[in-house]
Amino acid sequence: LTGGSTAFFTLKGHEEGVNAVAYCKGGDRPYLVSGGDDCLVKVWDYQTKQCIVTLEGHVDNISSVAFHPDLPIIISTCEDQSIKIWHSITYKLETTLNYGMDRAWHVDCMKESSLCAFGFDEGTIVVQLGKEYPVADFNNGKVVLMKNTEVQSANLKMVAQEGVKDGEKINFFIKDLGHVEMYPQFIKFNHNGQLFAVASDTDYVIYTARGFKNADYGQGLDLLGVRESYSAFVLIIPH
């Protein structure tokens with residue numbers, strides 16, 4: 001990494017040429033991602049100057065890499081024609097895309113959107129990644145919702161009822177509660193609205209609705225076992 005003509009430091013790890021580097025622009029993680037001719041994608045902490053993880057799976061030169069500006073994913077494109085989507089917290093390979101348009105050269109993501117553009121030898125495509133609507137749940141006028149990994153809440157009881165027509169969009173205040181270290185797939189209140197759970201594909205965390213305090217956590221398959229301890233907390237995680 002350089003400032004002008006002077007190198008601040010050098011990160012060593014790739015065995016062949018490095019073709020792409022991108023910064024993680026959101027959150028508080030001082031990370032960057034790189035891709036090279038060794039078919040490897042590497043995530044680095046540029047403060048400690050250590051490689052956090054090496055992502056393997058491509059079988060040709062990596063052409064571009066990117067942290068998505070909103071979704072918790074890393075995207076890599078390759079001359080093997082594939083696009084790989086990696087979870088940026090667990091580093092698990094989420095999916096591999098191949099559109100049959102020869103070598104994939106570049107990825108660009110639109111901020112505050114789920115749209116990504118990919119460039120190939122034979123053209124360019126735009127793809128929507130993730131869900132169009134946020135993960136959310138409702139209980140007695142209160143809404144909790146996820147904006148990527150950020151938990152937010154809103155009180156619909158504060159919205160004036162007079163003059164609001166059925167189906168009309170309404171404006172209301174959204175409060176930021178905090179951040180979760182997972183990619184949420186599901187969120188649910190318990191029956192009395194005092195607790196809610198956030199769950200990924202493998203894990204869950206139960207929070208208090210007031211104060212956003214951690215009440216419990218565990219594996220997704222174990223969640224049904226805590227229902228009696230948490231006021232008949234009934235929550236089914238799809239697997």
# chains A, B, ... in the order shown; residues from 1 in each chain; ligands from 1
>>> select_by_dssp(residues="region 110-188 of chain A", states="strand (DSSP E or B)", output="count of residues only")
36
>>> residues_around(residues="Gly35 (chain A)", least_positions_apart="2", cutoff="10 Å", atoms="only C-alpha atoms", output="mmCIF file with N, CA, C and O atoms, in the first residue's frame")
data_model
loop_
_atom_site.group_PDB
_atom_site.id
_atom_site.type_symbol
_atom_site.label_atom_id
_atom_site.label_comp_id
_atom_site.auth_asym_id
_atom_site.auth_seq_id
_atom_site.Cartn_x
_atom_site.Cartn_y
_atom_site.Cartn_z
ATOM 1 N N HIS A 14 0.148 -13.879 -1.648
ATOM 2 C CA HIS A 14 -0.142 -14.463 -2.951
ATOM 3 C C HIS A 14 1.135 -15.049 -3.548
ATOM 4 O O HIS A 14 2.218 -14.474 -3.429
ATOM 5 N N GLU A 16 1.393 -15.737 -6.835
ATOM 6 C CA GLU A 16 1.559 -15.202 -8.187
ATOM 7 C C GLU A 16 1.019 -13.780 -8.225
ATOM 8 O O GLU A 16 0.688 -13.206 -7.184
ATOM 9 N N GLY A 17 0.918 -13.218 -9.401
ATOM 10 C CA GLY A 17 0.545 -11.821 -9.542
ATOM 11 C C GLY A 17 -0.809 -11.488 -8.946
ATOM 12 O O GLY A 17 -1.739 -12.290 -8.987
ATOM 13 N N VAL A 18 -0.916 -10.275 -8.371
ATOM 14 C CA VAL A 18 -2.171 -9.782 -7.795
ATOM 15 C C VAL A 18 -2.867 -8.899 -8.821
ATOM 16 O O VAL A 18 -2.277 -7.945 -9.342
ATOM 17 N N ASN A 19 -4.121 -9.206 -9.101
ATOM 18 C CA ASN A 19 -4.864 -8.498 -10.142
ATOM 19 C C ASN A 19 -5.875 -7.494 -9.612
ATOM 20 O O ASN A 19 -6.264 -6.576 -10.334
ATOM 21 N N ALA A 20 -6.334 -7.671 -8.366
ATOM 22 C CA ALA A 20 -7.424 -6.836 -7.863
ATOM 23 C C ALA A 20 -7.331 -6.668 -6.355
ATOM 24 O O ALA A 20 -6.964 -7.610 -5.645
ATOM 25 N N VAL A 21 -7.655 -5.458 -5.893
ATOM 26 C CA VAL A 21 -7.699 -5.140 -4.467
ATOM 27 C C VAL A 21 -8.902 -4.239 -4.221
ATOM 28 O O VAL A 21 -9.192 -3.350 -5.034
ATOM 29 N N ALA A 22 -9.622 -4.467 -3.111
ATOM 30 C CA ALA A 22 -10.767 -3.622 -2.763
ATOM 31 C C ALA A 22 -10.857 -3.483 -1.255
ATOM 32 O O ALA A 22 -10.559 -4.428 -0.513
ATOM 33 N N VAL A 33 -9.630 -6.865 0.497
ATOM 34 C CA VAL A 33 -9.663 -8.170 -0.155
ATOM 35 C C VAL A 33 -8.833 -8.085 -1.429
ATOM 36 O O VAL A 33 -8.797 -7.048 -2.099
ATOM 37 N N ASP A 37 -3.419 -14.339 -9.601
ATOM 38 C CA ASP A 37 -3.253 -15.393 -10.588
ATOM 39 C C ASP A 37 -3.058 -16.766 -9.945
ATOM 40 O O ASP A 37 -3.012 -17.774 -10.665
ATOM 41 N N ASP A 38 -2.916 -16.817 -8.634
ATOM 42 C CA ASP A 38 -2.834 -18.106 -7.930
ATOM 43 C C ASP A 38 -4.210 -18.692 -7.646
ATOM 44 O O ASP A 38 -4.332 -19.673 -6.903
ATOM 45 N N CYS A 39 -5.268 -18.083 -8.214
ATOM 46 C CA CYS A 39 -6.661 -18.537 -8.076
ATOM 47 C C CYS A 39 -7.211 -18.329 -6.671
ATOM 48 O O CYS A 39 -8.251 -18.903 -6.320
ATOM 49 N N LEU A 40 -6.556 -17.525 -5.856
ATOM 50 C CA LEU A 40 -6.938 -17.332 -4.461
ATOM 51 C C LEU A 40 -7.493 -15.941 -4.217
ATOM 52 O O LEU A 40 -7.047 -14.954 -4.823
ATOM 53 N N VAL A 41 -8.467 -15.872 -3.314
ATOM 54 C CA VAL A 41 -8.986 -14.610 -2.785
ATOM 55 C C VAL A 41 -8.547 -14.528 -1.329
ATOM 56 O O VAL A 41 -8.733 -15.475 -0.566
ATOM 57 N N LYS A 42 -7.934 -13.418 -0.942
ATOM 58 C CA LYS A 42 -7.445 -13.262 0.421
ATOM 59 C C LYS A 42 -8.050 -12.025 1.063
ATOM 60 O O LYS A 42 -8.172 -10.977 0.418
ATOM 61 N N VAL A 43 -8.415 -12.165 2.333
ATOM 62 C CA VAL A 43 -8.920 -11.038 3.118
ATOM 63 C C VAL A 43 -7.841 -10.661 4.131
ATOM 64 O O VAL A 43 -7.308 -11.526 4.837
ATOM 65 N N THR A 54 -8.030 -17.148 3.629
ATOM 66 C CA THR A 54 -7.832 -17.383 2.210
ATOM 67 C C THR A 54 -9.037 -18.164 1.676
ATOM 68 O O THR A 54 -9.394 -19.209 2.225
ATOM 69 N N LEU A 55 -9.647 -17.651 0.635
ATOM 70 C CA LEU A 55 -10.843 -18.257 0.052
ATOM 71 C C LEU A 55 -10.448 -19.008 -1.222
ATOM 72 O O LEU A 55 -9.912 -18.410 -2.167
ATOM 73 N N ASN A 61 -7.319 -17.423 -13.062
ATOM 74 C CA ASN A 61 -6.921 -16.123 -12.522
ATOM 75 C C ASN A 61 -8.116 -15.330 -12.000
ATOM 76 O O ASN A 61 -9.142 -15.219 -12.683
ATOM 77 N N ILE A 62 -7.980 -14.760 -10.803
ATOM 78 C CA ILE A 62 -9.009 -13.863 -10.264
ATOM 79 C C ILE A 62 -8.877 -12.519 -10.972
ATOM 80 O O ILE A 62 -7.786 -11.949 -11.059
ATOM 81 N N SER A 63 -9.992 -12.001 -11.474
ATOM 82 C CA SER A 63 -9.953 -10.761 -12.252
ATOM 83 C C SER A 63 -10.419 -9.539 -11.464
ATOM 84 O O SER A 63 -9.943 -8.427 -11.700
ATOM 85 N N SER A 64 -11.370 -9.721 -10.534
ATOM 86 C CA SER A 64 -11.824 -8.592 -9.718
ATOM 87 C C SER A 64 -12.419 -9.111 -8.413
ATOM 88 O O SER A 64 -12.868 -10.260 -8.332
ATOM 89 N N VAL A 65 -12.406 -8.263 -7.392
ATOM 90 C CA VAL A 65 -12.969 -8.589 -6.081
ATOM 91 C C VAL A 65 -13.668 -7.352 -5.536
ATOM 92 O O VAL A 65 -13.348 -6.221 -5.912
ATOM 93 N N ALA A 66 -14.628 -7.575 -4.628
ATOM 94 C CA ALA A 66 -15.346 -6.441 -4.048
ATOM 95 C C ALA A 66 -16.036 -6.852 -2.755
ATOM 96 O O ALA A 66 -16.573 -7.961 -2.656
ATOM 97 N N SER A 76 -16.229 -12.243 -6.008
ATOM 98 C CA SER A 76 -15.016 -12.402 -6.809
ATOM 99 C C SER A 76 -15.398 -12.891 -8.199
ATOM 100 O O SER A 76 -16.289 -13.724 -8.363
ATOM 101 N N THR A 77 -14.723 -12.347 -9.216
ATOM 102 C CA THR A 77 -14.923 -12.793 -10.593
ATOM 103 C C THR A 77 -13.635 -13.418 -11.094
ATOM 104 O O THR A 77 -12.542 -13.096 -10.612
ATOM 105 N N CYS A 78 -13.762 -14.293 -12.089
ATOM 106 C CA CYS A 78 -12.609 -15.104 -12.476
ATOM 107 C C CYS A 78 -12.619 -15.391 -13.966
ATOM 108 O O CYS A 78 -13.677 -15.402 -14.609
#
>>> closest_residue(among="A:Ala199, A:Met101, A:Met146, A:Leu71", to="Phe120 (chain A)", atoms="only C-alpha atoms")
A:Met101
>>> closest_residue(among="A:Phe196, A:Phe9, A:Tyr183, A:Phe173", to="Tyr91 (chain A)", atoms="only C-alpha atoms")
A:Tyr183
>>> decode(residues="region 89-131 of chain A", atoms="C-alpha atoms", output="PDB file, in the first residue's frame")
ATOM      1  CA  ILE A  89     -18.443 -12.582   8.270  1.00  0.00           C
ATOM      2  CA  THR A  90     -18.272 -16.383   8.181  1.00  0.00           C
ATOM      3  CA  TYR A  91     -16.334 -16.493   4.853  1.00  0.00           C
ATOM      4  CA  LYS A  92     -18.517 -19.380   3.752  1.00  0.00           C
ATOM      5  CA  LEU A  93     -19.081 -19.782   0.010  1.00  0.00           C
ATOM      6  CA  GLU A  94     -22.725 -18.815  -0.442  1.00  0.00           C
ATOM      7  CA  THR A  95     -23.130 -19.519  -4.156  1.00  0.00           C
ATOM      8  CA  THR A  96     -21.366 -19.730  -7.517  1.00  0.00           C
ATOM      9  CA  LEU A  97     -22.817 -18.032 -10.607  1.00  0.00           C
ATOM     10  CA  ASN A  98     -21.987 -18.797 -14.222  1.00  0.00           C
ATOM     11  CA  TYR A  99     -23.847 -17.060 -17.034  1.00  0.00           C
ATOM     12  CA  GLY A 100     -21.985 -18.722 -19.927  1.00  0.00           C
ATOM     13  CA  MET A 101     -20.599 -15.421 -21.208  1.00  0.00           C
ATOM     14  CA  ASP A 102     -16.933 -16.493 -21.217  1.00  0.00           C
ATOM     15  CA  ARG A 103     -14.402 -14.890 -18.847  1.00  0.00           C
ATOM     16  CA  ALA A 104     -15.752 -12.687 -16.038  1.00  0.00           C
ATOM     17  CA  TRP A 105     -13.644  -9.544 -15.740  1.00  0.00           C
ATOM     18  CA  HIS A 106     -15.238  -7.035 -13.398  1.00  0.00           C
ATOM     19  CA  VAL A 107     -17.875  -6.467 -10.720  1.00  0.00           C
ATOM     20  CA  ASP A 108     -19.382  -3.160  -9.603  1.00  0.00           C
ATOM     21  CA  CYS A 109     -22.058  -2.765  -6.913  1.00  0.00           C
ATOM     22  CA  MET A 110     -24.542   0.057  -6.522  1.00  0.00           C
ATOM     23  CA  LYS A 111     -24.590   1.572  -3.030  1.00  0.00           C
ATOM     24  CA  GLU A 112     -27.888   1.297  -1.093  1.00  0.00           C
ATOM     25  CA  SER A 113     -29.067  -1.234  -3.633  1.00  0.00           C
ATOM     26  CA  SER A 114     -28.927  -4.982  -4.208  1.00  0.00           C
ATOM     27  CA  LEU A 115     -27.952  -4.489  -7.868  1.00  0.00           C
ATOM     28  CA  CYS A 116     -24.529  -5.578  -9.132  1.00  0.00           C
ATOM     29  CA  ALA A 117     -23.096  -5.293 -12.637  1.00  0.00           C
ATOM     30  CA  PHE A 118     -20.736  -7.885 -14.103  1.00  0.00           C
ATOM     31  CA  GLY A 119     -18.579  -7.549 -17.195  1.00  0.00           C
ATOM     32  CA  PHE A 120     -17.663 -10.539 -19.378  1.00  0.00           C
ATOM     33  CA  ASP A 121     -15.921 -11.168 -22.686  1.00  0.00           C
ATOM     34  CA  GLU A 122     -19.321 -11.406 -24.330  1.00  0.00           C
ATOM     35  CA  GLY A 123     -21.195  -8.593 -22.616  1.00  0.00           C
ATOM     36  CA  THR A 124     -22.442  -7.063 -19.371  1.00  0.00           C
ATOM     37  CA  ILE A 125     -25.295  -8.091 -17.092  1.00  0.00           C
ATOM     38  CA  VAL A 126     -26.951  -6.550 -14.019  1.00  0.00           C
ATOM     39  CA  VAL A 127     -28.048  -8.932 -11.251  1.00  0.00           C
ATOM     40  CA  GLN A 128     -30.127  -8.387  -8.118  1.00  0.00           C
ATOM     41  CA  LEU A 129     -28.570 -10.015  -5.062  1.00  0.00           C
ATOM     42  CA  GLY A 130     -30.314 -10.599  -1.746  1.00  0.00           C
ATOM     43  CA  LYS A 131     -33.917  -9.819  -0.868  1.00  0.00           C
TER      44      LYS A 131
END
